Amino acid sequence: MLLRPRLDDHRVIGKYTGKIIIGVGLLMVIPLVTSIIFGEWDTVLDFVISIALCMIFGFGTQILCRTDRDLNWSHGLVVASGSWVVATILGAMPHWLSGHEGSYLDAMFDVMSGYTTTGLYLLQDLDHIAHGLNMWRHLLTYAGGQGIVVIALTFLFKGTAGAYKLYVGEGKDERLLPNVVHTARAIWLVSLTWLVIGTALLAITGMALGQEPVRALLHGLWVFMGAWSTGGFAPQSYNTLWYHSLSYEVVSIVIFIAGSFNFALHWAVWTGKRKEILKNVETVSFAITLSLTVLIATFALAKAGVYPDAMSLFRKAFYQLASGHTTTGFSTIYARAFVTQWGPIGLVATTIAMAIGASACSTGGGIKGIRMGVMFKAFIQDIRKAVSPERAIVSAKFHHVRDVFLDDGLVRTTMTITIAYLSLYGLTAIVGTLCGYDFLQSAFEGVSAASNTGLSCGVTSPTMPDVMKALYIAAMWLGRLEFMSVFALGGYFVTMVRGR
Amino acid sequence: MKTDRSTERGLASRENWPGYLGGMLTEAAFILGLTLLAFIMAVIAKAVF
Amino acid sequence: MSRLSRSIAVAALLAVLALGAGCRAAGTPEPSPNEHSSTELIESPKEFDGSEIAFAGEVIGEAMKRGDMAWLHINDDAYYVKNVEEGAQLGGYNTGMAVWLPADLADRVTYFGDYKHEGDIVEVEGVYNAACGEHGGDTDIHATSLSVVETGHVVVDKTHPAKTAWAIGLALLAVGLCVADRFWLRGVRGHRA
């Protein structure tokens with residue numbers, strides 16, 4: 001029997017959603033200040049309006065939903081997924097007010113793409129937008145990478161027991177430290193340290209490449225945010241092709257691959273367990289699948305003779321594949337070049353890389369390395385069982401910070417989520433095909449959206465059917481939150497209607 | 001996961017930083033290793049075709 | 001009507017509103033000035049690879065000088081004459097070509113397109129490379145000449161009075177709610193507790 005939520009449940013959910021939206025409003029102060037510094041007065045107004053709307057929603061719910069109850073598990077899931085929706089609706093306001101979006105749906109597409117660190121966008125005339133709006137685009141992808149809830153946990157909550165439930169609801173389940181608020185702070189410590197060093201490296205490289213200091217710094221910061229969050233937004237429409245530089249490419253590769261690592265891995269390596277990086281199931285899985293897909297693409301491109309020499313081949317093949325596999329979405333080729341130059345094998349290799357994706361509890365998306373590792377180990381275990389004597393006990397384990405034994409419950413959860421991802425990939429591919437796009441291209445684009453990558457082969461565009469825009473928004477959201485909390489939100493609405 | 005040295009108060013305290021930066025360098029070295037591997041693949045691929 | 005069907009009706013209505021909200025009318029965007037637009041060059045790389053072409057459009061961003069040479073980015077999209085900030089119709093993504101040319105030619109450019117500027121419209125002539133060996137496989141044009149067709153201009157960032165009024169009104173409401181939540185209502189609850 002389904003229990004209909006009571007007024008008190010609505011209050012708890014409203015209260016915590018409101019708190020998170022206040023956090024989103026506070027985040028907008030950074031682009032607001034950017035616009036003030038550069039004297040972009042029209043954009044300043046856009047942000048004042050948007051901040052005000054966030055605060056009206058946030059404080060409005062604080063006033064309406066007064067309760068002292070703490071969150072339970074289903075509340076946590078509903079708040080996590082629900083606040084992403086509200087944050088998208090309100091976060092889209094600056095985009096829409098800028099006049100660069102064809103509709104409010106397009107604006108929401110861009111913002112969901114930002115929060116989920118996807119990187120697809122529908123914004124038009126990107127090369128003429130304000131620094132403030134560019135700051136917002138990149139900031140929301142940086143914030144989304146750590147998790148909107150993680151931000152709120154860091155600054156707005158006083159470590160209630162319910163906080164951990166919110167944190168899990170956002171698709172992260174690692175405790176770096178015993179206390180969840182400290183875990184959130186440790187995540188920030190890692191992210192901000194990389195931010196300072198990564199931005200400095202990119203800015204210095206940018207200046208050496210002929211950018212003026214202010215532009216080099218802004219580009220460095222934004223490209224860092226796009227890379228670290230495995231987001232893939234860049235300040236110019238040319239994406240990272242803008243820089244035409246091996247050194248810029250290498251620096252950004254280091255940042256986005258590091259960004260795709262599990263925060264628990266970062267924390268282990270940073271606190272002295274250096275060998276973890278070679279033993280961890282996710283880095284091992286990533287190294288293997290990345291190398292395999294790079295191998296396929298490199299040989300296919302070499303055979304087709306697309307690139308004239310080994311250096312060009314390496315720069316193009318590795319950059320796009322690493323970007324796809326880490327679900328970043330940076331690209332040093334034109335979107336259509338995937339179709340017109342790379343051809344079917346290149347498209348398929350990139351699609352597989354994107355589908356597998358980054359590490360769990362990272363800023364990235366996709367099925368994730370840990371699931372690949374678990375499924376592989378389970379497969380081997382089954383084979384060993386089949387060939388062993390009947391009474392023999394065949395155990396299997398994998399290494400993730402510590403050794404973990406494989407049990408059927410874990411394998412089952414892993415399979416469930418993997419099947420959910422595969423179904424979502426399939427659905428987006430089929431809907432794309434039904435809308436008249438080539439199957440391979442719609443599969444590429446659908447996987448890119450659902451795995452939060454953001455590479456495009458040209459399907460995503462402002463003229464794309466609204467159905468596909470809406471589907472991609474849903475796919476990005478489901479993929480980022482790993483299904484469960486979104487299903488919980490769905491269940492919440494169903495019980496409101498049908499429960500007793 | 002329990003860490004011995006970095007308890008809640010000393011997360012950003014000075015003595016932890018050499019460890020953190022060493023960790024960053026380890027990560028960067030691992031990534032550059034993968035990059036080098038891809039370059040070798042490209043060289044071989046170009047030699048084959 | 002049952003609660004279920006009522007809910008479905010509400011959800012459908014919201015979906016239609018969400019899809020239709022805030023749509024901006026599409027007009028006829030400015031077409032590319034080029035015989036072979038950047039879109040064509042990207043779409044048929046093999047056909048044009050290595051050929052001598054002329055390419056015109058708006059210079060955007062910056063000139064990145066590398067020794068005696070420089071990179072320019074020239075857009076031949078819907079915004080090369082007038083950009084969205086000046087009230088141009090929306091006409092899809094930006095599209096253009098990266099151009100590698102002698103630095104002294106790049107010096108002829110006065111304005112680079114960004115939020116506050118509509119860049120110079122220039123025409124370059126040179127060789128189109130679908131995957132340039134010299135530049136790590138980039139798609140580019142190695143230009144040998146550049147002429148400024150039309151000098152760009154500063155774009156004024158106008159603020160509309162109505163928008164200003166909305167900003168002030170909403171900000172006051174937000175501050176009011178914040179004060180109410182922080183001080184007034186919290187105090188009331190404090191007494192009750």
# chains A, B, ... in the order shown; residues from 1 in each chain; ligands from 1

call {"tool": "interface_residues", "arguments": {"of": "chain B", "to": "chain A", "cutoff": "8 Å", "atoms": "only C-alpha atoms", "output": "ChimeraX atom specification"}}
result
/B:1-3,5-6,8,11-12,16,19-24,26-28,30-32,34-35,37-39,41-43,45-46,49

call {"tool": "write_last_selection", "arguments": {"atoms": "N, CA and C atoms", "output": "short mmCIF file (atom, residue, chain, number, x, y, z; two decimals), in the first residue's frame"}}
result
data_model
loop_
_atom_site.label_atom_id
_atom_site.label_comp_id
_atom_site.auth_asym_id
_atom_site.auth_seq_id
_atom_site.Cartn_x
_atom_site.Cartn_y
_atom_site.Cartn_z
N MET B 1 35.17 6.10 5.48
CA MET B 1 36.62 5.96 5.46
C MET B 1 37.22 6.85 6.54
N LYS B 2 38.12 6.30 7.26
CA LYS B 2 38.70 7.08 8.35
C LYS B 2 40.12 7.47 7.99
N THR B 3 40.41 8.73 8.14
CA THR B 3 41.79 9.14 7.89
C THR B 3 42.42 9.51 9.22
N ARG B 5 45.37 11.33 9.86
CA ARG B 5 45.99 12.62 10.12
C ARG B 5 45.01 13.78 9.98
N SER B 6 44.13 13.67 8.98
CA SER B 6 43.27 14.82 8.71
C SER B 6 41.96 14.71 9.46
N GLU B 8 38.79 16.53 11.54
CA GLU B 8 37.98 17.62 11.08
C GLU B 8 38.60 19.02 11.23
N LEU B 11 41.77 19.99 8.49
CA LEU B 11 41.62 19.66 7.07
C LEU B 11 42.56 20.49 6.19
N ALA B 12 42.61 21.79 6.46
CA ALA B 12 43.42 22.66 5.61
C ALA B 12 44.66 23.15 6.35
N ASN B 16 49.45 19.47 6.24
CA ASN B 16 48.86 18.54 5.28
C ASN B 16 49.21 18.85 3.83
N GLY B 19 51.54 16.78 1.48
CA GLY B 19 50.86 15.54 1.11
C GLY B 19 49.85 15.76 0.00
N TYR B 20 49.05 16.81 0.13
CA TYR B 20 48.04 17.12 -0.88
C TYR B 20 48.70 17.37 -2.24
N LEU B 21 49.74 18.21 -2.23
CA LEU B 21 50.39 18.55 -3.50
C LEU B 21 51.08 17.33 -4.11
N GLY B 22 51.66 16.49 -3.26
CA GLY B 22 52.25 15.25 -3.73
C GLY B 22 51.18 14.39 -4.39
N GLY B 23 49.99 14.38 -3.79
CA GLY B 23 48.86 13.63 -4.36
C GLY B 23 48.49 14.15 -5.73
N MET B 24 48.44 15.47 -5.84
CA MET B 24 48.12 16.07 -7.15
C MET B 24 49.14 15.66 -8.20
N THR B 26 51.02 13.02 -8.19
CA THR B 26 50.83 11.60 -8.51
C THR B 26 49.74 11.43 -9.55
N GLU B 27 48.62 12.14 -9.33
CA GLU B 27 47.50 12.06 -10.27
C GLU B 27 47.92 12.53 -11.66
N ALA B 28 48.62 13.68 -11.69
CA ALA B 28 49.05 14.23 -12.97
C ALA B 28 50.00 13.27 -13.69
N PHE B 30 50.10 10.00 -13.45
CA PHE B 30 49.31 8.88 -13.97
C PHE B 30 48.63 9.27 -15.29
N ILE B 31 48.07 10.47 -15.31
CA ILE B 31 47.36 10.93 -16.52
C ILE B 31 48.34 11.13 -17.67
N LEU B 32 49.49 11.72 -17.37
CA LEU B 32 50.48 11.91 -18.44
C LEU B 32 50.99 10.57 -18.97
N LEU B 34 49.10 7.88 -19.30
CA LEU B 34 48.06 7.46 -20.26
C LEU B 34 48.21 8.22 -21.58
N THR B 35 48.53 9.52 -21.46
CA THR B 35 48.70 10.36 -22.66
C THR B 35 49.85 9.85 -23.51
N LEU B 37 50.99 6.84 -23.60
CA LEU B 37 50.56 5.57 -24.19
C LEU B 37 49.78 5.83 -25.49
N ALA B 38 48.88 6.81 -25.44
CA ALA B 38 48.08 7.14 -26.63
C ALA B 38 48.97 7.64 -27.76
N PHE B 39 50.00 8.41 -27.40
CA PHE B 39 50.92 8.92 -28.43
C PHE B 39 51.65 7.75 -29.10
N MET B 41 50.57 4.75 -29.40
CA MET B 41 49.59 4.09 -30.28
C MET B 41 49.47 4.81 -31.61
N ALA B 42 49.44 6.16 -31.55
CA ALA B 42 49.30 6.94 -32.79
C ALA B 42 50.52 6.73 -33.69
N VAL B 43 51.70 6.67 -33.08
CA VAL B 43 52.92 6.47 -33.88
C VAL B 43 52.87 5.10 -34.56
N ALA B 45 50.17 3.31 -35.21
CA ALA B 45 49.09 3.30 -36.20
C ALA B 45 49.54 3.96 -37.50
N LYS B 46 50.28 5.07 -37.37
CA LYS B 46 50.76 5.76 -38.58
C LYS B 46 51.80 4.92 -39.30
N PHE B 49 49.74 2.05 -41.21
CA PHE B 49 48.97 2.46 -42.40
C PHE B 49 49.71 3.55 -43.20
#

call {"tool": "closest_atom_pairs", "arguments": {"of": "chain C", "to": "chain A", "cutoff": "6 Å", "atoms": "only C-alpha atoms", "output": "CSV"}}
result
residue,atom,partner,partner_atom,distance
C:Leu19,CA,A:Leu105,CA,5.9
C:Ala21,CA,A:Tyr104,CA,5.7
C:Gly22,CA,A:Ser103,CA,4.9
C:Cys23,CA,A:Ser103,CA,4.0
C:Arg24,CA,A:Gly102,CA,5.3
C:Met64,CA,A:Gly210,CA,4.3
C:Lys65,CA,A:Gly210,CA,4.9
C:Gly92,CA,A:Gln124,CA,5.5
C:Tyr93,CA,A:Gln124,CA,4.9
C:Asn94,CA,A:Asp125,CA,5.3
C:Asp114,CA,A:His128,CA,4.3
C:Tyr115,CA,A:His128,CA,4.4
C:Ala131,CA,A:Tyr307,CA,5.9
C:Gly133,CA,A:Pro308,CA,5.5
C:Gly136,CA,A:Ser312,CA,4.0
C:Gly137,CA,A:Ser312,CA,4.6
C:Thr159,CA,A:Asp42,CA,4.9
C:Ala167,CA,A:Ile49,CA,4.8
C:Leu170,CA,A:Ala52,CA,5.6
C:Ala171,CA,A:Ala52,CA,4.9
C:Ala174,CA,A:Ile56,CA,4.8
C:Leu177,CA,A:Phe59,CA,5.8
C:Cys178,CA,A:Phe59,CA,5.7
C:Asp181,CA,A:Ile63,CA,5.8

call {"tool": "atom_distance", "arguments": {"atom1": "CA of His95 (chain A)", "atom2": "CA of Leu133 (chain A)"}}
result
7.2 Å

call {"tool": "atom_distance", "arguments": {"atom1": "CA of Ser448 (chain A)", "atom2": "CA of Thr351 (chain A)"}}
result
7.4 Å

call {"tool": "residues_around", "arguments": {"residues": "Ala203 (chain A)", "least_positions_apart": "5", "cutoff": "9 Å", "atoms": "only C-alpha atoms", "output": "ChimeraX atom specification"}}
result
/A:198,208,211,213-221

call {"tool": "atom_distance", "arguments": {"atom1": "CA of Val447 (chain A)", "atom2": "CA of Asp408 (chain A)"}}
result
28.1 Å

call {"tool": "residues_around", "arguments": {"residues": "region 99-107 of chain C", "least_positions_apart": "3", "cutoff": "7 Å", "atoms": "only C-alpha atoms", "output": "list in words"}}
result
Ala63, Lys65, Asp68, Met69, Ala70, Trp71, Leu72, His73, Asp140, Ile141, His142, Ala143, Thr144 and Leu146 of chain C

call {"tool": "write_last_selection", "arguments": {"atoms": "N, CA and C atoms", "output": "PDB file, in the first residue's frame"}}
result
ATOM      1  N   ALA C  63      43.056  38.481 -31.492  1.00  0.00           N
ATOM      2  CA  ALA C  63      44.086  37.923 -32.358  1.00  0.00           C
ATOM      3  C   ALA C  63      45.130  37.318 -31.433  1.00  0.00           C
ATOM      4  N   LYS C  65      48.687  36.220 -31.216  1.00  0.00           N
ATOM      5  CA  LYS C  65      49.934  36.291 -31.977  1.00  0.00           C
ATOM      6  C   LYS C  65      50.921  35.239 -31.475  1.00  0.00           C
ATOM      7  N   ASP C  68      55.774  35.604 -35.599  1.00  0.00           N
ATOM      8  CA  ASP C  68      55.428  36.433 -36.759  1.00  0.00           C
ATOM      9  C   ASP C  68      54.031  36.147 -37.286  1.00  0.00           C
ATOM     10  N   MET C  69      53.414  35.100 -36.766  1.00  0.00           N
ATOM     11  CA  MET C  69      52.109  34.689 -37.273  1.00  0.00           C
ATOM     12  C   MET C  69      51.043  34.923 -36.200  1.00  0.00           C
ATOM     13  N   ALA C  70      49.788  34.752 -36.597  1.00  0.00           N
ATOM     14  CA  ALA C  70      48.705  34.954 -35.631  1.00  0.00           C
ATOM     15  C   ALA C  70      47.494  34.110 -36.014  1.00  0.00           C
ATOM     16  N   TRP C  71      46.659  33.852 -34.999  1.00  0.00           N
ATOM     17  CA  TRP C  71      45.372  33.189 -35.218  1.00  0.00           C
ATOM     18  C   TRP C  71      44.255  34.223 -35.150  1.00  0.00           C
ATOM     19  N   LEU C  72      43.362  34.176 -36.143  1.00  0.00           N
ATOM     20  CA  LEU C  72      42.118  34.939 -36.081  1.00  0.00           C
ATOM     21  C   LEU C  72      40.979  33.937 -36.190  1.00  0.00           C
ATOM     22  N   HIS C  73      39.813  34.328 -35.671  1.00  0.00           N
ATOM     23  CA  HIS C  73      38.624  33.498 -35.858  1.00  0.00           C
ATOM     24  C   HIS C  73      37.566  34.347 -36.545  1.00  0.00           C
ATOM     25  N   ASP C 140      41.544  24.570 -40.667  1.00  0.00           N
ATOM     26  CA  ASP C 140      41.880  25.998 -40.689  1.00  0.00           C
ATOM     27  C   ASP C 140      42.077  26.523 -42.113  1.00  0.00           C
ATOM     28  N   ILE C 141      42.288  27.834 -42.192  1.00  0.00           N
ATOM     29  CA  ILE C 141      42.641  28.469 -43.459  1.00  0.00           C
ATOM     30  C   ILE C 141      43.995  29.140 -43.249  1.00  0.00           C
ATOM     31  N   HIS C 142      44.968  28.842 -44.110  1.00  0.00           N
ATOM     32  CA  HIS C 142      46.239  29.555 -44.060  1.00  0.00           C
ATOM     33  C   HIS C 142      46.146  30.721 -45.034  1.00  0.00           C
ATOM     34  N   ALA C 143      45.962  31.924 -44.493  1.00  0.00           N
ATOM     35  CA  ALA C 143      45.674  33.066 -45.355  1.00  0.00           C
ATOM     36  C   ALA C 143      46.944  33.824 -45.721  1.00  0.00           C
ATOM     37  N   THR C 144      46.931  34.400 -46.905  1.00  0.00           N
ATOM     38  CA  THR C 144      48.060  35.209 -47.347  1.00  0.00           C
ATOM     39  C   THR C 144      47.672  36.672 -47.521  1.00  0.00           C
ATOM     40  N   LEU C 146      44.591  39.833 -46.324  1.00  0.00           N
ATOM     41  CA  LEU C 146      43.424  40.200 -45.527  1.00  0.00           C
ATOM     42  C   LEU C 146      43.017  41.622 -45.891  1.00  0.00           C
TER      43      LEU C 146
END

call {"tool": "select_by_dssp", "arguments": {"residues": "chain B", "states": "alpha helix (DSSP H)", "output": "VMD selection string"}}
result
chain B and resid 17 to 48

call {"tool": "select_by_dssp", "arguments": {"residues": "region 24-188 of chain C", "states": "strand (DSSP E)", "output": "VMD selection string"}}
result
chain C and resid 52 to 66 69 to 75 96 to 102 117 to 118 121 to 132 138 to 150 153 to 154

call {"tool": "residues_around", "arguments": {"residues": "Glu52 (chain C)", "least_positions_apart": "3", "cutoff": "12 Å", "atoms": "only C-alpha atoms", "output": "short mmCIF file (atom, residue, chain, number, x, y, z; two decimals) with N, CA and C atoms, in the first residue's frame"}}
result
data_model
loop_
_atom_site.label_atom_id
_atom_site.label_comp_id
_atom_site.auth_asym_id
_atom_site.auth_seq_id
_atom_site.Cartn_x
_atom_site.Cartn_y
_atom_site.Cartn_z
N HIS C 36 31.32 29.67 -50.54
CA HIS C 36 31.30 28.43 -49.77
C HIS C 36 31.36 28.80 -48.30
N GLU C 47 36.10 17.61 -50.26
CA GLU C 47 35.91 18.35 -51.51
C GLU C 47 36.78 19.61 -51.57
N PHE C 48 36.89 20.29 -50.42
CA PHE C 48 37.58 21.58 -50.42
C PHE C 48 39.01 21.51 -49.92
N ASP C 49 39.42 20.38 -49.35
CA ASP C 49 40.74 20.29 -48.73
C ASP C 49 41.85 20.70 -49.68
N PHE C 55 37.39 33.89 -47.98
CA PHE C 55 36.47 33.69 -46.87
C PHE C 55 36.27 35.02 -46.15
N VAL C 124 39.55 37.20 -46.18
CA VAL C 124 40.89 36.64 -46.31
C VAL C 124 40.92 35.69 -47.51
N GLU C 125 42.11 35.54 -48.07
CA GLU C 125 42.29 34.56 -49.14
C GLU C 125 43.42 33.63 -48.73
N GLY C 126 43.22 32.34 -49.00
CA GLY C 126 44.26 31.39 -48.62
C GLY C 126 43.83 29.96 -48.87
N VAL C 127 44.60 29.04 -48.28
CA VAL C 127 44.35 27.61 -48.51
C VAL C 127 43.56 27.02 -47.34
N TYR C 128 42.50 26.28 -47.70
CA TYR C 128 41.68 25.60 -46.69
C TYR C 128 42.25 24.22 -46.40
N ASN C 129 42.50 23.94 -45.11
CA ASN C 129 42.96 22.60 -44.72
C ASN C 129 41.92 21.93 -43.84
N ILE C 141 42.29 27.83 -42.19
CA ILE C 141 42.64 28.47 -43.46
C ILE C 141 43.99 29.14 -43.25
N HIS C 142 44.97 28.84 -44.11
CA HIS C 142 46.24 29.56 -44.06
C HIS C 142 46.15 30.72 -45.03
N ALA C 143 45.96 31.92 -44.49
CA ALA C 143 45.67 33.07 -45.36
C ALA C 143 46.94 33.82 -45.72
N THR C 144 46.93 34.40 -46.91
CA THR C 144 48.06 35.21 -47.35
C THR C 144 47.67 36.67 -47.52
N SER C 145 46.35 36.94 -47.53
CA SER C 145 45.94 38.34 -47.63
C SER C 145 44.72 38.58 -46.76
#

call {"tool": "residues_around", "arguments": {"residues": "region 449-456 of chain A", "least_positions_apart": "2", "cutoff": "7 Å", "atoms": "only C-alpha atoms", "output": "PDB file with C-alpha atoms, in the first residue's frame"}}
result
ATOM      1  CA  THR A 116      24.611  17.932 -14.780  1.00  0.00           C
ATOM      2  CA  THR A 117      28.044  18.793 -16.263  1.00  0.00           C
ATOM      3  CA  THR A 118      26.889  17.736 -19.699  1.00  0.00           C
ATOM      4  CA  GLY A 119      27.955  20.616 -21.923  1.00  0.00           C
ATOM      5  CA  LEU A 120      25.416  20.511 -24.733  1.00  0.00           C
ATOM      6  CA  GLY A 232      32.573  20.841 -21.471  1.00  0.00           C
ATOM      7  CA  GLY A 324      34.278  11.556 -24.249  1.00  0.00           C
ATOM      8  CA  THR A 327      32.220  12.696 -20.026  1.00  0.00           C
ATOM      9  CA  THR A 328      33.712  16.154 -20.401  1.00  0.00           C
ATOM     10  CA  GLY A 329      32.708  17.119 -23.901  1.00  0.00           C
ATOM     11  CA  PHE A 330      35.533  19.447 -24.848  1.00  0.00           C
ATOM     12  CA  ALA A 335      30.865  18.863 -34.161  1.00  0.00           C
ATOM     13  CA  MET A 354      30.920   8.111 -23.409  1.00  0.00           C
ATOM     14  CA  ALA A 355      28.562   5.299 -22.399  1.00  0.00           C
ATOM     15  CA  GLY A 357      31.974   7.269 -18.566  1.00  0.00           C
ATOM     16  CA  GLY A 365      28.573  10.717 -15.617  1.00  0.00           C
ATOM     17  CA  GLY A 366      27.968   7.504 -17.532  1.00  0.00           C
ATOM     18  CA  LEU A 424      18.018   5.373 -21.323  1.00  0.00           C
ATOM     19  CA  TYR A 425      20.708   5.326 -24.031  1.00  0.00           C
ATOM     20  CA  GLU A 445      23.984  12.371 -29.240  1.00  0.00           C
ATOM     21  CA  GLY A 446      21.598  10.481 -26.942  1.00  0.00           C
ATOM     22  CA  VAL A 447      24.441   8.729 -25.127  1.00  0.00           C
ATOM     23  CA  GLY A 458      25.436  18.095 -34.858  1.00  0.00           C
ATOM     24  CA  VAL A 459      22.062  16.653 -33.784  1.00  0.00           C
ATOM     25  CA  THR A 460      21.613  19.099 -30.894  1.00  0.00           C
ATOM     26  CA  TYR A 472      17.523  15.242 -23.348  1.00  0.00           C
ATOM     27  CA  ALA A 475      18.052  12.135 -19.716  1.00  0.00           C
ATOM     28  CA  MET A 476      20.707  14.495 -18.353  1.00  0.00           C
ATOM     29  CA  GLY A 479      21.837  10.159 -15.748  1.00  0.00           C
ATOM     30  CA  ARG A 480      23.399  12.608 -13.307  1.00  0.00           C
TER      31      ARG A 480
END
